[in-house]
$ cat entry_31.pdb   # PDB, C-alpha atoms
ATOM      1  CA  MET X 184       0.000   0.000   0.000
ATOM      2  CA  TRP X 185       2.695   2.504   1.023
ATOM      3  CA  GLN X 186       4.766   1.678  -2.075
ATOM      4  CA  ARG X 187       1.761   2.409  -4.253
ATOM      5  CA  LEU X 188       1.250   5.771  -2.534
ATOM      6  CA  ALA X 189       4.957   6.623  -2.820
ATOM      7  CA  ALA X 190       4.879   5.839  -6.545
ATOM      8  CA  ARG X 191       1.995   8.286  -6.946
ATOM      9  CA  ARG X 192       3.627  11.188  -5.024
ATOM     10  CA  ALA X 193       3.131  13.730  -7.806
ATOM     11  CA  ILE X 194      -0.572  12.936  -8.204
ATOM     12  CA  LEU X 195      -1.137  12.967  -4.448
ATOM     13  CA  GLY X 196       0.770  16.237  -4.109
ATOM     14  CA  PHE X 197      -1.366  17.844  -6.803
ATOM     15  CA  VAL X 198      -4.610  16.697  -5.159
ATOM     16  CA  VAL X 199      -3.569  17.755  -1.650
ATOM     17  CA  ALA X 200      -2.377  21.160  -2.937
ATOM     18  CA  TYR X 201      -5.586  22.046  -4.761
ATOM     19  CA  TYR X 202      -7.744  20.570  -2.003
ATOM     20  CA  ILE X 203      -6.136  22.689   0.707
ATOM     21  CA  GLY X 204      -5.969  25.716  -1.603
ATOM     22  CA  PHE X 205      -9.680  25.624  -2.399
ATOM     23  CA  ILE X 206     -10.657  25.100   1.230
ATOM     24  CA  VAL X 207      -8.566  28.151   2.194
ATOM     25  CA  LEU X 208     -10.151  30.129  -0.664
ATOM     26  CA  GLY X 209     -13.628  29.042   0.392
ATOM     27  CA  LEU X 210     -13.043  30.048   3.995
ATOM     28  CA  ALA X 211     -11.452  33.366   2.979
ATOM     29  CA  THR X 212     -14.382  34.263   0.715
ATOM     30  CA  ASP X 213     -17.004  32.879   3.125
ATOM     31  CA  ASN X 214     -18.276  30.494   0.421
ATOM     32  CA  ARG X 215     -21.101  28.513   2.036
ATOM     33  CA  GLN X 216     -20.480  25.559  -0.247
ATOM     34  CA  THR X 217     -16.911  24.959   0.975
ATOM     35  CA  ALA X 218     -17.912  22.139   3.335
ATOM     36  CA  PHE X 219     -19.892  20.347   0.612
ATOM     37  CA  TYR X 220     -17.065  20.526  -1.927
ATOM     38  CA  ALA X 221     -14.469  19.531   0.685
ATOM     39  CA  GLY X 222     -16.611  16.618   1.838
ATOM     40  CA  PHE X 223     -17.494  15.389  -1.642
ATOM     41  CA  ILE X 224     -13.897  15.509  -2.883
ATOM     42  CA  ALA X 225     -12.619  13.834   0.312
ATOM     43  CA  ILE X 226     -15.133  10.987  -0.071
ATOM     44  CA  ALA X 227     -14.328  10.648  -3.781
ATOM     45  CA  PHE X 228     -10.578  10.733  -3.061
ATOM     46  CA  PHE X 229     -10.683   8.048  -0.366
ATOM     47  CA  GLY X 230     -13.053   5.938  -2.450
ATOM     48  CA  LEU X 231     -10.644   6.186  -5.368
ATOM     49  CA  LEU X 232      -7.685   5.280  -3.125
ATOM     50  CA  TYR X 233      -9.521   2.196  -1.917
ATOM     51  CA  TRP X 234     -10.499   1.268  -5.466
ATOM     52  CA  ASP X 235      -6.951   1.880  -6.718
ATOM     53  CA  PHE X 236      -5.450  -0.395  -4.046
ATOM     54  CA  ARG X 237      -7.734  -3.175  -5.234
ATOM     55  CA  ARG X 238      -7.583  -2.603  -9.023
ATOM     56  CA  HIS X 239      -4.411  -0.571  -9.710
ATOM     57  CA  PHE X 240      -5.449   2.231 -12.031
ATOM     58  CA  SER X 241      -3.086   3.593 -14.641
ATOM     59  CA  ASP X 242      -1.444   6.960 -14.053
ATOM     60  CA  PHE X 243      -3.445   8.284 -17.020
ATOM     61  CA  ILE X 244      -6.715   7.547 -15.208
ATOM     62  CA  LEU X 245      -5.498   8.904 -11.868
ATOM     63  CA  TRP X 246      -4.211  12.154 -13.416
ATOM     64  CA  GLY X 247      -7.497  12.568 -15.291
ATOM     65  CA  ILE X 248      -9.559  12.132 -12.142
ATOM     66  CA  ALA X 249      -7.207  14.433 -10.214
ATOM     67  CA  LEU X 250      -7.691  17.077 -12.922
ATOM     68  CA  TRP X 251     -11.454  16.626 -12.712
ATOM     69  CA  GLY X 252     -11.321  17.138  -8.930
ATOM     70  CA  ALA X 253      -9.420  20.414  -9.355
ATOM     71  CA  LEU X 254     -11.825  21.638 -12.045
ATOM     72  CA  HIS X 255     -14.824  20.575  -9.950
ATOM     73  CA  MET X 256     -13.649  22.488  -6.896
ATOM     74  CA  ALA X 257     -12.678  25.508  -9.025
ATOM     75  CA  GLY X 258     -16.080  25.504 -10.708
ATOM     76  CA  GLY X 259     -18.001  25.798  -7.484
ATOM     77  CA  MET X 260     -15.610  27.843  -5.395
ATOM     78  CA  ILE X 261     -14.177  30.543  -7.633
ATOM     79  CA  LEU X 262     -16.527  33.507  -7.565
ATOM     80  CA  ILE X 263     -16.665  35.417 -10.853
ATOM     81  CA  GLU X 264     -19.216  38.054  -9.897
ATOM     82  CA  GLU X 265     -21.940  38.642  -7.356
ATOM     83  CA  GLY X 266     -23.555  35.287  -6.650
ATOM     84  CA  ARG X 267     -22.030  33.523  -9.669
ATOM     85  CA  VAL X 268     -19.236  30.986  -9.785
ATOM     86  CA  LEU X 269     -16.927  29.651 -12.481
ATOM     87  CA  TYR X 270     -19.418  26.867 -13.266
ATOM     88  CA  ASN X 271     -21.708  29.549 -14.756
ATOM     89  CA  VAL X 272     -19.157  30.749 -17.343
ATOM     90  CA  GLN X 273     -20.194  30.230 -20.952
ATOM     91  CA  LEU X 274     -17.013  29.036 -22.744
ATOM     92  CA  LEU X 275     -18.592  28.712 -26.181
ATOM     93  CA  SER X 276     -22.118  29.364 -27.396
ATOM     94  CA  PHE X 277     -22.948  25.695 -26.749
ATOM     95  CA  LEU X 278     -20.616  24.916 -23.837
ATOM     96  CA  ARG X 279     -20.485  26.066 -20.226
ATOM     97  CA  PHE X 280     -17.561  25.397 -17.891
ATOM     98  CA  ASP X 281     -19.855  23.083 -15.912
ATOM     99  CA  GLN X 282     -20.514  20.879 -18.930
ATOM    100  CA  LEU X 283     -16.811  20.667 -19.806
ATOM    101  CA  VAL X 284     -16.036  19.505 -16.258
ATOM    102  CA  HIS X 285     -18.814  16.897 -16.489
ATOM    103  CA  ALA X 286     -17.501  15.549 -19.789
ATOM    104  CA  ILE X 287     -13.942  15.269 -18.439
ATOM    105  CA  GLY X 288     -14.991  13.841 -15.087
ATOM    106  CA  PHE X 289     -17.376  11.214 -16.298
ATOM    107  CA  GLY X 290     -15.231  10.287 -19.267
ATOM    108  CA  PHE X 291     -12.468   9.424 -16.804
ATOM    109  CA  ALA X 292     -14.988   7.754 -14.478
ATOM    110  CA  GLY X 293     -15.941   5.500 -17.387
ATOM    111  CA  LEU X 294     -12.290   4.706 -18.045
ATOM    112  CA  ALA X 295     -11.736   3.969 -14.350
ATOM    113  CA  PHE X 296     -14.747   1.669 -14.358
ATOM    114  CA  TRP X 297     -13.406  -0.091 -17.438
ATOM    115  CA  GLU X 298      -9.949  -0.554 -15.909
ATOM    116  CA  SER X 299     -11.430  -1.858 -12.679
ATOM    117  CA  VAL X 300     -13.614  -4.588 -14.177
ATOM    118  CA  THR X 301     -10.991  -5.960 -16.590
ATOM    119  CA  PRO X 302     -13.343  -6.400 -19.542
ATOM    120  CA  ARG X 303     -13.313  -9.215 -22.037
ATOM    121  CA  PRO X 304     -13.012  -8.532 -25.781
ATOM    122  CA  GLY X 305     -16.105  -6.835 -27.144
ATOM    123  CA  SER X 306     -17.426  -5.668 -23.772
ATOM    124  CA  GLY X 307     -14.882  -2.985 -22.842
ATOM    125  CA  ALA X 308     -16.421  -0.067 -24.731
ATOM    126  CA  LEU X 309     -19.880  -0.835 -23.354
ATOM    127  CA  LEU X 310     -18.518  -1.063 -19.807
ATOM    128  CA  ALA X 311     -16.753   2.302 -20.179
ATOM    129  CA  LEU X 312     -19.920   3.891 -21.558
ATOM    130  CA  MET X 313     -22.150   2.457 -18.835
ATOM    131  CA  GLY X 314     -19.675   3.305 -16.087
ATOM    132  CA  GLY X 315     -19.391   6.925 -17.236
ATOM    133  CA  LEU X 316     -23.163   7.272 -17.560
ATOM    134  CA  GLY X 317     -23.766   5.654 -14.179
ATOM    135  CA  PHE X 318     -21.283   7.820 -12.315
ATOM    136  CA  GLY X 319     -22.629  10.880 -14.136
ATOM    137  CA  ALA X 320     -26.165  10.050 -13.036
ATOM    138  CA  LEU X 321     -24.965   9.568  -9.454
ATOM    139  CA  ASN X 322     -23.350  13.023  -9.572
ATOM    140  CA  GLU X 323     -26.593  14.600 -10.800
ATOM    141  CA  MET X 324     -28.446  12.931  -7.958
ATOM    142  CA  VAL X 325     -25.973  14.368  -5.426
ATOM    143  CA  GLU X 326     -26.311  17.836  -6.994
ATOM    144  CA  PHE X 327     -30.094  17.582  -6.795
ATOM    145  CA  LEU X 328     -29.980  16.570  -3.132
ATOM    146  CA  ILE X 329     -27.688  19.504  -2.344
ATOM    147  CA  THR X 330     -30.277  21.890  -3.834
ATOM    148  CA  ARG X 331     -32.830  20.483  -1.386
ATOM    149  CA  PHE X 332     -30.726  21.527   1.621
ATOM    150  CA  VAL X 333     -28.658  24.546   0.540
ATOM    151  CA  PRO X 334     -30.202  27.692  -0.922
ATOM    152  CA  ASP X 335     -28.361  29.506  -3.721
ATOM    153  CA  THR X 336     -26.097  26.614  -4.712
ATOM    154  CA  ASN X 337     -25.322  27.754  -8.297
ATOM    155  CA  ILE X 338     -26.119  24.189  -9.363
ATOM    156  CA  GLY X 339     -28.985  25.251 -11.606
ATOM    157  CA  GLY X 340     -32.341  23.748 -12.384
ATOM    158  CA  PHE X 341     -33.810  21.111 -14.659
ATOM    159  CA  GLU X 342     -32.227  22.519 -17.832
ATOM    160  CA  ASN X 343     -28.798  22.468 -16.187
ATOM    161  CA  THR X 344     -29.298  18.836 -15.136
ATOM    162  CA  GLY X 345     -30.322  17.913 -18.677
ATOM    163  CA  TRP X 346     -27.269  19.551 -20.236
ATOM    164  CA  ASP X 347     -25.034  17.993 -17.571
ATOM    165  CA  LEU X 348     -26.391  14.564 -18.504
ATOM    166  CA  VAL X 349     -25.721  15.285 -22.187
ATOM    167  CA  ALA X 350     -22.137  16.340 -21.343
ATOM    168  CA  ASN X 351     -21.709  13.215 -19.178
ATOM    169  CA  ALA X 352     -22.893  11.053 -22.086
ATOM    170  CA  ILE X 353     -20.473  12.737 -24.496
ATOM    171  CA  GLY X 354     -17.575  12.174 -22.094
ATOM    172  CA  ALA X 355     -18.623   8.547 -21.564
ATOM    173  CA  ALA X 356     -18.979   8.022 -25.346
ATOM    174  CA  PHE X 357     -15.456   9.326 -25.931
ATOM    175  CA  ALA X 358     -14.233   7.007 -23.162
ATOM    176  CA  ALA X 359     -16.001   4.077 -24.864
ATOM    177  CA  LEU X 360     -14.432   4.983 -28.207
ATOM    178  CA  TRP X 361     -11.003   5.229 -26.577
ATOM    179  CA  VAL X 362     -11.445   1.814 -24.914
ATOM    180  CA  HIS X 363     -12.657   0.277 -28.173
ATOM    181  CA  ARG X 364      -9.622   1.568 -30.063
ATOM    182  CA  ARG X 365      -7.256   0.560 -27.268
ATOM    183  CA  TRP X 366      -8.773  -2.905 -26.957
ATOM    184  CA  THR X 367      -8.765  -3.680 -30.676
ATOM    185  CA  LEU X 368      -5.365  -2.116 -31.411
ATOM    186  CA  PRO X 369      -2.988  -3.347 -28.652
ATOM    187  CA  GLU X 370       0.015  -1.546 -30.146
ATOM    188  CA  ARG X 371      -1.691   1.766 -29.284
ATOM    189  CA  ARG X 372      -2.060   1.046 -25.557
ATOM    190  CA  ILE X 373      -1.090   3.899 -23.265
TER     191      ILE X 373
END
$ encode --input "entry_31.pdb" --output "structure tokens"
Amino acid sequence: MWQRLAARRAILGFVVAYYIGFIVLGLATDNRQTAFYAGFIAIAFFGLLYWDFRRHFSDFILWGIALWGALHMAGGMILIEEGRVLYNVQLLSFLRFDQLVHAIGFGFAGLAFWESVTPRPGSGALLALMGGLGFGALNEMVEFLITRFVPDTNIGGFENTGWDLVANAIGAAFAALWVHRRWTLPERRI
């Protein structure tokens, strides 16, 4: 266990640095969502550690999920103007920061799911797709529950949830395509 952690020092350092940094930012700006983001990321982090000890994820997957964690905390904790956070920023006419983070996060969740179940030929892409969609749906459920207990969450309403699910599906589809290409063309493995 300790050897595995030592081999992942850079990833762990990155996660601990952004985690502490965003908690300090949240406390300094009196962001009421700090505890929720800190708790969610801590649970996700320890769940991933447990899962990694059992299934041994690739560095590619761990860096991708670490990046998602940083983007997720940034999205909800960086205030851009009165009452609005980075998640509300429209990057392109069809893409908000929130949707980009969902696509990245649940694409990597699908890849993590695929790596953890060691698929057989022909089933890998489907497992990556279903894993990404499942974890994306779980995230939307958590966001919904937060809106039931915390006023002014910046999570958004039904339309936001719908677009988040679309972004999750796109990320999961790209993960499935990546797995399909990796599985059928072994010389391209990362």
$ residues_around --input "entry_31.pdb" --residues "Arg191 (chain X)" --least-positions-apart "5" --cutoff "10 Å" --atoms "only C-alpha atoms" --output "JSON, numbers by chain"
{"X": [185, 186, 196, 242, 245, 246]}
$ residues_around --input "entry_31.pdb" --residues "region 345-347 of chain X" --least-positions-apart "2" --cutoff "9 Å" --atoms "all atoms listed in the file" --output "ChimeraX atom specification"
/X:281-283,285-286,319,323,340-343,349-352
$ resolve_selection --input "entry_31.pdb" --expression "the PyMOL selection byres ((chain X and resi 207-217) around 10)" --output "list in words"
Tyr201, Tyr202, Ile203, Gly204, Phe205, Ile206, Ala218, Phe219, Tyr220, Ala221, Gly222, Phe223, Met256, Ala257, Gly259, Met260, Ile261, Leu262, Ile329, Val333, Pro334, Asp335, Thr336 and Asn337 of chain X
$ resolve_selection --input "entry_31.pdb" --expression "the PyMOL selection byres ((chain X and resi 240) around 10)" --output "number ranges by chain"
X: 231-232, 234-239, 241-245, 294-299
$ atom_distance --input "entry_31.pdb" --atom1 "CA of Met324 (chain X)" --atom2 "CA of Leu348 (chain X)"
10.9 Å
